[in-house]
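Have a look at entry37.cif; it's mmCIF, C-alpha atoms:
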```cif
data_final
#
loop_
_atom_site.label_atom_id
_atom_site.label_comp_id
_atom_site.auth_asym_id
_atom_site.auth_seq_id
_atom_site.Cartn_x
_atom_site.Cartn_y
_atom_site.Cartn_z
CA MET A 246 97.03 125.69 137.87
CA ARG A 247 96.88 122.12 139.12
CA ILE A 248 96.02 119.35 136.72
CA VAL A 249 95.63 115.59 137.09
CA ASN A 250 98.10 113.51 135.11
CA PRO A 251 96.08 111.39 132.64
CA SER A 252 98.89 108.84 132.35
CA PHE A 253 99.40 108.30 136.07
CA GLY A 254 99.24 104.73 137.33
CA LEU A 255 100.57 102.58 140.09
CA ALA A 256 103.10 99.89 139.32
CA ALA A 257 101.53 96.44 139.35
CA ALA A 258 102.98 93.92 141.80
CA GLY A 259 104.93 91.00 140.38
CA GLY A 260 107.23 92.94 138.11
CA GLU A 261 110.30 91.96 140.07
CA LYS A 262 113.53 91.42 138.18
CA ILE A 263 115.07 87.96 138.01
CA ALA A 264 118.73 87.13 137.68
CA LEU A 265 119.56 85.94 134.18
CA LYS A 266 121.87 82.99 133.78
CA PRO A 267 124.51 83.36 131.06
CA VAL A 268 123.76 81.55 127.80
CA ASN A 269 126.41 79.73 125.83
CA TRP A 270 125.07 80.20 122.31
CA ALA A 271 127.68 77.75 121.00
CA SER A 272 126.28 74.75 122.79
CA ASP A 273 123.22 75.40 124.99
CA ALA A 274 119.70 74.29 124.14
CA ILE A 275 117.92 77.08 122.27
CA ALA A 276 114.18 77.57 121.62
CA LEU A 277 113.23 79.21 118.33
CA VAL A 278 109.78 80.61 119.03
CA SER A 279 107.44 81.76 116.28
CA ASN A 280 104.65 84.28 116.84
CA SER A 281 102.67 82.19 114.32
CA LYS A 282 102.56 84.89 111.67
CA PRO A 283 103.29 83.86 108.08
CA ASN A 284 107.05 83.56 107.44
CA ALA A 285 108.07 83.47 111.11
CA ARG A 286 108.98 79.80 110.82
CA GLU A 287 110.99 80.48 107.66
CA LEU A 288 112.88 83.28 109.42
CA LEU A 289 113.72 81.01 112.34
CA ALA A 290 114.74 78.19 110.01
CA GLY A 291 117.25 80.56 108.42
CA ILE A 292 118.66 81.40 111.84
CA ARG A 293 118.93 77.72 112.70
CA ASP A 294 120.81 77.08 109.46
CA LYS A 295 123.26 79.88 110.24
CA LEU A 296 123.79 78.57 113.77
CA GLY A 297 124.48 75.18 112.22
CA ALA A 298 127.59 76.60 110.59
CA PHE A 299 129.40 76.67 113.92
CA ARG A 300 127.51 74.46 116.36
CA THR A 301 125.31 71.41 116.60
CA VAL A 302 121.64 72.13 116.01
CA ASP A 303 120.26 68.96 117.59
CA ASN A 304 119.22 70.93 120.68
CA ILE A 305 117.79 73.91 118.77
CA GLU A 306 114.05 73.39 118.44
CA PHE A 307 111.09 75.19 116.94
CA LEU A 308 108.11 76.24 119.03
CA ALA A 309 105.13 78.47 118.29
CA LYS A 310 102.27 80.30 119.92
CA ASP A 311 98.83 78.81 119.30
CA SER A 312 97.66 81.97 117.56
CA ALA A 313 99.34 85.09 116.24
CA SER A 314 96.73 87.23 117.95
CA GLN A 315 96.89 85.66 121.40
CA PRO A 316 99.59 85.76 124.07
CA ALA A 317 101.82 82.73 124.48
CA PRO A 318 100.13 80.35 126.91
CA LYS A 319 101.67 80.02 130.36
CA ASP A 320 102.52 76.34 129.87
CA LEU A 321 104.51 77.15 126.72
CA ILE A 322 106.50 79.82 128.56
CA GLU A 323 107.14 77.44 131.45
CA ALA A 324 108.21 74.68 129.07
CA ILE A 325 110.67 77.02 127.37
CA ALA A 326 112.04 78.21 130.70
CA GLY A 327 112.43 74.64 131.91
CA LYS A 328 114.07 73.08 128.87
CA TYR A 329 116.10 75.78 127.15
CA ARG A 330 118.81 78.21 128.21
CA GLY A 331 118.01 80.74 125.51
CA ALA A 332 115.14 81.67 123.25
CA LEU A 333 114.98 83.58 120.00
CA LEU A 334 111.61 85.06 119.10
CA ALA A 335 110.53 85.74 115.55
CA ILE A 336 107.93 88.48 115.21
CA ALA A 337 107.08 88.13 111.56
CA ASP A 338 104.54 90.25 109.72
CA MET B 184 111.87 116.75 142.20
CA LYS B 185 109.77 113.91 140.81
CA ASP B 186 109.45 113.41 137.06
CA ILE B 187 106.10 114.58 135.67
CA ALA B 188 105.18 110.98 134.81
CA ASP B 189 105.43 110.03 138.50
CA GLN B 190 103.11 112.77 139.73
CA GLU B 191 99.38 112.24 139.95
CA VAL B 192 98.78 115.96 140.36
CA ILE B 193 100.97 118.39 138.47
CA ASP B 194 101.45 122.08 139.30
CA LEU B 195 101.71 124.14 136.15
CA GLU B 196 101.95 127.86 135.63
CA ASP B 197 98.67 129.30 134.44
CA MET B 198 98.37 128.95 130.68
CA ASP B 199 95.74 129.33 127.99
CA ILE B 200 94.15 126.41 126.15
CA GLU B 201 96.58 126.57 123.25
CA ALA B 202 99.58 126.47 125.58
CA PHE B 203 98.06 123.57 127.51
CA ASN B 204 97.52 121.64 124.28
CA ALA B 205 101.12 122.22 123.28
CA PHE B 206 102.22 120.96 126.71
CA ALA B 207 99.93 117.90 126.49
CA THR B 208 101.21 117.08 123.03
CA ASP B 209 104.78 117.25 124.31
CA GLN B 210 103.80 114.79 127.05
CA GLY B 211 102.32 112.40 124.47
CA TRP B 212 98.79 112.77 125.90
CA SER B 213 97.04 113.95 122.74
CA ASP B 214 95.10 112.12 120.04
CA GLY B 215 95.73 115.10 117.78
CA MET B 216 92.50 116.96 118.44
CA PRO B 217 92.16 119.78 120.99
CA LEU B 218 91.95 118.71 124.63
CA TYR B 219 90.17 120.23 127.59
CA VAL B 220 92.33 120.98 130.64
CA PRO B 221 92.00 118.26 133.34
CA THR B 222 92.09 120.62 136.30
CA GLU B 223 91.94 119.09 139.72
CA ASP B 224 88.51 120.51 140.51
CA LYS B 225 87.02 119.40 137.19
CA VAL B 226 88.41 115.89 137.66
CA ALA B 227 86.89 115.79 141.15
CA ARG B 228 83.43 116.39 139.69
CA PHE B 229 83.87 113.38 137.40
CA VAL B 230 85.16 111.17 140.21
CA GLU B 231 82.00 111.93 142.21
CA THR B 232 79.90 110.20 139.54
CA VAL B 233 81.53 106.80 140.15
CA ARG B 234 81.63 106.83 143.94
CA GLY B 235 79.30 103.82 143.96
CA ASP B 236 81.72 101.67 142.01
CA ASN B 237 84.47 100.55 144.38
CA ARG B 238 85.77 97.59 142.39
CA PRO B 239 89.51 97.88 141.86
CA TYR B 240 90.93 98.05 138.36
CA PRO B 241 93.41 95.40 137.30
CA PRO B 242 96.73 96.37 135.72
CA VAL B 243 96.07 97.76 132.25
CA PRO B 244 98.06 96.08 129.50
CA PRO B 245 100.38 96.57 127.72
CA ARG B 246 101.81 99.14 130.18
CA GLN B 247 100.64 97.13 133.19
CA VAL B 248 99.91 100.01 135.53
CA ILE B 249 96.93 100.16 137.86
CA PRO B 250 95.07 103.36 137.02
CA THR B 251 93.70 105.70 139.64
CA VAL B 252 90.15 106.92 139.19
CA GLN B 253 91.53 110.45 139.04
CA ALA B 254 93.80 109.61 136.11
CA LEU B 255 90.91 107.94 134.27
CA ALA B 256 88.72 110.97 134.93
CA ALA B 257 91.44 113.26 133.59
CA ASN B 258 91.19 111.47 130.25
CA ALA B 259 87.41 111.88 130.21
CA VAL B 260 87.77 115.58 130.99
CA MET B 261 90.34 116.03 128.22
CA ALA B 262 88.01 114.24 125.77
CA GLY B 263 85.25 116.76 126.39
CA CYS B 264 82.90 114.50 128.32
CA LYS B 265 80.26 115.77 130.71
CA PRO B 266 80.70 114.35 134.23
CA GLU B 267 77.62 112.17 133.86
CA TYR B 268 79.22 110.34 130.92
CA PHE B 269 82.06 109.07 133.10
CA PRO B 270 80.31 105.91 134.45
CA VAL B 271 79.75 104.86 130.81
CA VAL B 272 83.42 105.35 130.02
CA THR B 273 84.60 103.40 133.06
CA ALA B 274 82.19 100.56 132.23
CA ALA B 275 83.65 100.48 128.72
CA LEU B 276 87.14 100.35 130.21
CA ARG B 277 86.14 97.43 132.41
CA GLY B 278 84.88 95.70 129.28
CA VAL B 279 88.17 96.04 127.41
CA LEU B 280 89.94 94.77 130.52
CA ASP B 281 88.11 91.44 130.25
CA PRO B 282 91.04 89.03 129.72
CA ASP B 283 89.27 87.47 126.72
CA TYR B 284 89.10 90.89 125.06
CA ASN B 285 92.89 90.56 124.67
CA LEU B 286 93.62 94.25 125.15
CA HIS B 287 97.37 93.84 124.63
CA GLY B 288 96.88 92.04 121.32
CA THR B 289 94.21 94.43 120.09
CA LEU B 290 96.34 97.48 120.86
CA ALA B 291 99.67 96.16 119.60
CA THR B 292 98.44 94.53 116.39
CA THR B 293 99.11 95.77 112.86
CA HIS B 294 95.33 95.35 112.26
CA SER B 295 93.22 98.50 112.23
CA CYS B 296 90.92 97.55 115.11
CA ALA B 297 89.53 100.08 117.58
CA PRO B 298 87.13 99.62 120.48
CA MET B 299 83.52 99.72 119.32
CA VAL B 300 81.38 101.01 122.20
CA MET B 301 77.64 100.31 122.11
CA VAL B 302 75.32 101.60 124.83
CA SER B 303 72.03 99.90 125.71
CA GLY B 304 69.29 100.64 128.18
CA PRO B 305 67.70 103.76 129.69
CA ILE B 306 70.94 105.73 130.02
CA ARG B 307 70.97 106.21 126.23
CA HIS B 308 68.18 108.76 126.54
CA GLU B 309 69.36 110.30 129.80
CA LEU B 310 72.71 111.13 128.19
CA LYS B 311 71.31 111.84 124.71
CA ILE B 312 73.37 109.10 123.08
CA ASN B 313 72.44 108.95 119.41
CA CYS B 314 70.85 105.61 118.46
CA GLY B 315 69.14 106.83 115.27
CA SER B 316 70.13 108.61 112.08
CA ASN B 317 73.91 108.96 111.67
CA CYS B 318 74.50 107.08 114.93
CA PHE B 319 78.04 106.12 113.89
CA GLY B 320 78.78 109.68 112.82
CA GLN B 321 79.25 113.19 114.12
CA GLY B 322 77.00 115.65 115.86
CA TRP B 323 76.35 114.20 119.29
CA GLN B 324 78.52 115.12 122.25
CA ALA B 325 77.95 111.88 124.16
CA ASN B 326 78.79 109.63 121.21
CA ALA B 327 81.80 111.71 120.26
CA THR B 328 83.36 112.11 123.67
CA ILE B 329 82.62 108.76 125.35
CA GLY B 330 84.43 106.92 122.58
CA ARG B 331 87.19 109.50 122.56
CA ALA B 332 87.68 109.23 126.34
CA LEU B 333 88.19 105.47 126.07
CA GLY B 334 90.69 106.04 123.28
CA LEU B 335 92.62 108.54 125.40
CA MET B 336 92.69 106.07 128.29
CA LEU B 337 94.16 103.45 126.01
CA LEU B 338 96.75 105.96 124.81
CA ASN B 339 97.70 107.39 128.18
CA VAL B 340 97.07 104.61 130.68
CA ALA B 341 97.53 101.51 128.53
CA GLY B 342 100.42 103.09 126.64
CA ALA B 343 99.13 102.49 123.11
CA LYS B 344 101.19 105.18 121.42
CA PRO B 345 100.84 105.11 117.62
CA GLY B 346 103.95 103.84 115.90
CA GLU B 347 105.37 102.58 119.19
CA MET B 348 103.13 100.18 121.11
CA ASP B 349 100.20 100.70 118.71
CA ARG B 350 101.65 99.12 115.57
CA SER B 351 98.58 99.46 113.35
CA THR B 352 99.61 99.56 109.70
CA GLN B 353 97.03 102.15 108.68
CA GLY B 354 94.87 102.76 111.74
CA ASN B 355 91.21 103.57 111.48
CA PRO B 356 89.14 106.71 112.06
CA ALA B 357 87.32 104.74 114.78
CA LYS B 358 90.47 105.07 116.86
CA PHE B 359 89.40 108.69 117.48
CA THR B 360 85.95 107.63 118.66
CA PHE B 361 83.40 104.90 117.94
CA CYS B 362 80.39 105.01 120.25
CA PHE B 363 76.69 104.65 119.48
CA GLY B 364 73.45 103.57 121.09
CA GLU B 365 71.23 100.63 120.25
CA ASN B 366 67.94 101.65 118.69
CA GLU B 367 65.87 99.55 121.08
CA GLU B 368 62.68 101.42 120.23
CA GLU B 369 62.82 100.21 116.61
CA ASN B 370 64.29 96.81 117.37
CA PRO B 371 61.49 94.30 116.67
CA TRP B 372 63.36 91.61 118.59
CA THR B 373 65.08 91.54 121.98
CA PRO B 374 67.48 94.40 122.84
CA TYR B 375 71.08 93.30 122.71
CA HIS B 376 71.79 93.65 126.43
CA VAL B 377 68.73 91.52 127.22
CA GLN B 378 70.02 88.90 124.77
CA ARG B 379 73.13 88.89 126.95
CA GLY B 380 71.18 88.24 130.15
CA PHE B 381 70.80 91.75 131.54
CA ALA B 382 67.48 93.24 132.60
CA ALA B 383 65.78 95.58 130.16
CA THR B 384 66.02 98.28 132.83
CA ASP B 385 69.79 97.88 133.13
CA SER B 386 72.08 100.25 131.30
CA VAL B 387 74.90 98.33 129.70
CA VAL B 388 78.02 99.07 127.67
CA THR B 389 79.20 96.52 125.11
CA VAL B 390 82.68 96.66 123.62
CA MET B 391 84.35 94.79 120.79
CA SER B 392 87.67 95.44 119.13
CA GLY B 393 86.40 96.05 115.63
CA GLU B 394 86.98 97.61 112.29
CA GLY B 395 84.86 100.55 111.27
CA PRO B 396 81.35 99.84 109.98
CA HIS B 397 81.16 98.28 106.50
CA ASN B 398 77.98 99.49 104.83
CA LEU B 399 75.37 96.95 103.70
CA ASN B 400 73.24 98.80 101.16
CA ASP B 401 70.08 97.07 99.96
CA HIS B 402 67.36 99.25 98.46
CA GLY B 403 66.12 96.57 96.10
CA SER B 404 65.24 93.55 98.17
CA THR B 405 61.66 93.40 99.35
CA THR B 406 62.01 90.24 101.41
CA GLY B 407 64.02 89.24 104.46
CA ASP B 408 65.55 86.44 102.47
CA GLY B 409 66.79 88.93 99.88
CA LEU B 410 68.28 91.16 102.54
CA LEU B 411 70.17 88.25 104.08
CA THR B 412 71.65 87.42 100.68
CA THR B 413 73.02 90.98 100.50
CA PHE B 414 74.23 90.95 104.09
CA ALA B 415 75.99 87.62 103.65
CA GLY B 416 77.61 88.80 100.45
CA GLY B 417 78.93 91.90 102.18
CA MET B 418 80.25 89.87 105.08
CA ALA B 419 82.02 87.29 102.92
CA THR B 420 85.21 89.22 102.45
CA PRO B 421 88.60 87.56 102.02
CA GLY B 422 90.31 90.60 103.57
CA ALA B 423 88.70 90.38 107.00
CA ASN B 424 90.79 89.16 109.93
CA THR B 425 87.96 86.88 110.94
CA ILE B 426 88.47 84.60 107.96
CA TYR B 427 91.54 83.15 109.67
CA GLY B 428 91.75 84.84 113.08
CA LYS B 429 88.31 83.61 114.01
CA GLY B 430 86.30 85.78 116.38
CA PRO B 431 83.11 87.74 116.85
CA MET B 432 81.45 90.25 114.55
CA PHE B 433 78.41 92.51 114.63
CA VAL B 434 75.68 93.00 112.08
CA ILE B 435 73.94 96.25 113.02
CA ILE B 436 70.64 96.18 111.18
CA GLY B 437 68.97 99.42 110.17
CA PRO B 438 65.35 99.77 111.39
CA GLU B 439 63.79 99.45 107.93
CA HIS B 440 65.73 96.30 107.14
CA ALA B 441 64.86 94.97 110.61
CA ALA B 442 61.14 95.55 110.00
CA THR B 443 61.31 93.58 106.74
CA LEU B 444 63.14 90.69 108.37
CA LYS B 445 60.69 90.63 111.27
CA ARG B 446 57.69 90.72 108.91
CA ASP B 447 59.06 87.70 107.10
CA GLY B 448 59.39 85.71 110.31
CA PHE B 449 63.10 85.95 110.95
CA THR B 450 64.35 85.91 114.52
CA ILE B 451 67.76 86.88 115.87
CA GLU B 452 68.65 83.19 115.99
CA SER B 453 67.47 82.39 112.48
CA ILE B 454 69.32 85.45 111.11
CA ARG B 455 72.52 84.24 112.75
CA GLN B 456 72.05 80.76 111.35
CA GLU B 457 71.36 82.04 107.84
CA LEU B 458 74.27 84.49 107.85
CA TYR B 459 76.64 81.81 109.11
CA ARG B 460 75.47 79.43 106.39
CA ARG B 461 75.63 81.98 103.57
CA SER B 462 78.56 84.27 104.41
CA ARG B 463 81.35 82.07 103.11
CA VAL B 464 84.19 82.91 100.79
CA HIS B 465 84.81 80.67 97.81
CA ALA B 466 88.39 79.47 97.43
CA SER B 467 88.55 81.06 93.98
CA ARG B 468 88.48 84.48 95.71
CA ILE B 469 91.53 83.70 97.85
CA SER B 470 95.10 83.38 96.57
CA VAL B 471 96.69 79.97 96.81
CA GLU B 472 99.37 81.39 99.14
CA ASN B 473 96.76 82.86 101.45
CA GLN B 474 94.79 79.60 101.45
CA ASP B 475 97.97 77.85 102.58
CA THR B 476 98.29 80.37 105.41
CA TYR B 477 94.70 79.82 106.54
CA ILE B 478 94.99 76.05 106.38
CA SER B 479 98.36 75.96 108.15
CA THR B 480 96.86 77.93 111.04
CA GLY B 481 93.98 75.51 111.41
CA HIS B 482 91.29 77.19 109.31
CA LYS B 483 90.43 74.48 106.85
CA PRO B 484 87.77 75.10 104.20
CA ASP B 485 84.40 73.37 104.14
CA GLY B 486 84.75 71.93 100.66
CA ASP B 487 85.70 74.90 98.50
CA TRP B 488 84.40 77.45 101.01
CA PHE B 489 86.08 79.28 103.87
CA THR B 490 83.78 80.34 106.70
CA ILE B 491 84.18 83.76 108.31
CA ALA B 492 82.94 82.64 111.72
CA ARG B 493 83.40 79.64 113.99
CA SER B 494 79.67 79.26 114.47
CA PRO B 495 76.47 81.32 114.35
CA ASP B 496 77.26 82.42 117.91
CA ASP B 497 80.09 84.61 116.56
CA ILE B 498 77.54 86.73 114.71
CA HIS B 499 76.04 89.35 117.03
CA ILE B 500 72.87 91.08 115.89
CA THR B 501 71.17 94.26 116.93
CA VAL B 502 69.43 97.34 115.53
CA ALA B 503 70.71 100.91 115.27
CA GLY B 504 70.34 103.84 112.92
CA GLY B 505 67.46 105.77 111.38
CA PRO B 506 65.35 105.75 108.22
CA GLY B 507 66.95 104.31 105.10
CA LYS B 508 67.84 101.00 103.52
CA HIS B 509 71.25 100.50 105.08
CA SER B 510 72.75 98.17 107.66
CA ALA B 511 76.34 97.62 108.75
CA PHE B 512 78.82 94.81 109.22
CA ILE B 513 81.53 95.29 111.84
CA PRO B 514 84.14 92.54 111.83
CA SER B 515 86.43 92.22 114.81
CA PHE B 516 90.16 91.83 115.31
CA GLY B 517 89.54 88.10 115.55
CA GLY B 518 91.30 87.01 118.74
CA THR B 519 88.97 88.93 120.99
CA THR B 520 85.55 88.74 122.62
CA VAL B 521 82.45 90.87 122.98
CA ALA B 522 82.29 92.15 126.56
CA SER B 523 79.15 93.65 128.10
CA THR B 524 79.32 95.53 131.40
CA ARG B 525 76.45 96.94 133.45
CA ILE B 526 76.93 100.62 134.16
CA ALA B 527 77.29 101.09 137.90
CA ARG B 528 75.15 103.95 139.17
#
```
What's the structure tokens form of this structure?
Amino acid sequence: MRIVNPSFGLAAAGGEKIALKPVNWASDAIALVSNSKPNARELLAGIRDKLGAFRTVDNIEFLAKDSASQPAPKDLIEAIAGKYRGALLAIAD
Amino acid sequence: MKDIADQEVIDLEDMDIEAFNAFATDQGWSDGMPLYVPTEDKVARFVETVRGDNRPYPPVPPRQVIPTVQALAANAVMAGCKPEYFPVVTAALRGVLDPDYNLHGTLATTHSCAPMVMVSGPIRHELKINCGSNCFGQGWQANATIGRALGLMLLNVAGAKPGEMDRSTQGNPAKFTFCFGENEEENPWTPYHVQRGFAATDSVVTVMSGEGPHNLNDHGSTTGDGLLTTFAGGMATPGANTIYGKGPMFVIIGPEHAATLKRDGFTIESIRQELYRRSRVHASRISVENQDTYISTGHKPDGDWFTIARSPDDIHITVAGGPGKHSAFIPSFGGTTVASTRIAR
């Protein structure tokens, strides 16, 4: 018998891969991005403290989505891409 | 040979319904209840019903694939729909694809939300969609399978696999199906779709990412004012997402309650105003830690009271159900919208 695949779909355009630049976690600017759930900031603060044991943390900064239930706005993503070489995301719950 | 996932049409050896269900479960296509077989000829009959709707579908998040009409129809077939239900299902899908509905968030969240599907207009009777007694419950093929078909689309096309992309902590029976009709005939005010700017003769599907219905029982009140006190008390719950993830909600008023409210001069607008004013949660009912969470995310109390809505506009009102002194409160995920789509025919 012939059936139609209920999960079939066409790939959306714009999913092209980009070349990633290497990140030097010992010195590069890092964004610590919270999903705005309770305790995400605390989790990231702990990571920042641990990073501080072996590198300067002056260029490690906290950022957050406007709302836990909404996607990160485009301008936040662009700001992260423009200013930082790496980003750590905390998905707290 | 192509992987099964890359094939729109799949050749299988003939098999009985049990064997097909085992195969479908292995593919991850099942919601756990028995499925009909989406044969090519059956799917074609469903596709015929939406020939008049040529608008393309956008990529469906989170999986971000553009569905074919055939694949969508296969889900409706598997759900047990009749072909004539399919335009309702596709209109519901278009609703959840409204960017403000936030489909990715509503599918990936730990919250229990599921798409509430409400049908308005003449098609309710043509398709025998239950708008009266037990309208949220079992017993009606259209209600049961239209909601189920949308759920299967979200599983199979959107990729909302429980425990993987669908991270709901406990889920919700409404994830199997949650579809009902407005009881326009016993609505003493304006039908919901007309409130939204559609013609009374239009058939419209409204979707909201909601919890299941919370019952609002009031057998004692004999006035509209009394009923609103009960409704507001039932809505003022510290455990609802909408107390800090502000968003829309529905109050589905039973016909007997609606008649009392109408008799006492209440309108849709005055009901919304009163429920917004009264359905607040006193700070004493919320832990200090949780108050800190609400306040830190921008939801400051009004004095000692936390509101459950941004404004009266968040409270959507309509009538459904049959005889009895019950109504229902359906809070949403919060970061979502109510989307109404005219059914293309």
Show me which bits of chain B are within 7 Å of chain A, counting all atoms listed in the file, as a PyMOL selection string.
chain B and resi 188-197+221-223+242+247-251+253-255+257-258+288+339-340+476+518
Quick check, in Å to one decimal: how far apart do CA of His397 in chain B and CA of Glu439 in chain B lie?
17.5 Å
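Considering the residues A:Ala298, A:Ala332, A:Leu289, A:Ile263 and counting all atoms listed in the file, Ala276 in chain A has its shortest atom-to-atom contact with A:Ala332.
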As AutoDock Vina command-line options: centre and edge lengths in Å, one decimal, of the axis-aligned box holding range 262-267 of chain A with 5 Å per side:
```
--center_x 119.0 --center_y 87.2 --center_z 134.6 --size_x 21.0 --size_y 18.4 --size_z 17.1
```
Would you kindly return, as a compact mmCIF listing (two decimals) with C-alpha atoms, in the coordinates of the input, each protein, DNA or RNA residue with an atom no farther than 7 Å from any atom of Ser279 in chain A, considering only C-alpha atoms and excluding same-chain residues fewer than 6 positions away?
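Heads up, here's the output in out-v5.txt:
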```
# COMPACT_ATOMS: atom_id res chain seq x y z
CA ALA A 285 108.07 83.47 111.11
CA ARG A 286 108.98 79.80 110.82
CA LEU A 308 108.11 76.24 119.03
CA ALA A 309 105.13 78.47 118.29
CA LYS A 310 102.27 80.30 119.92
CA LEU A 334 111.61 85.06 119.10
CA ALA A 335 110.53 85.74 115.55
CA ILE A 336 107.93 88.48 115.21
```
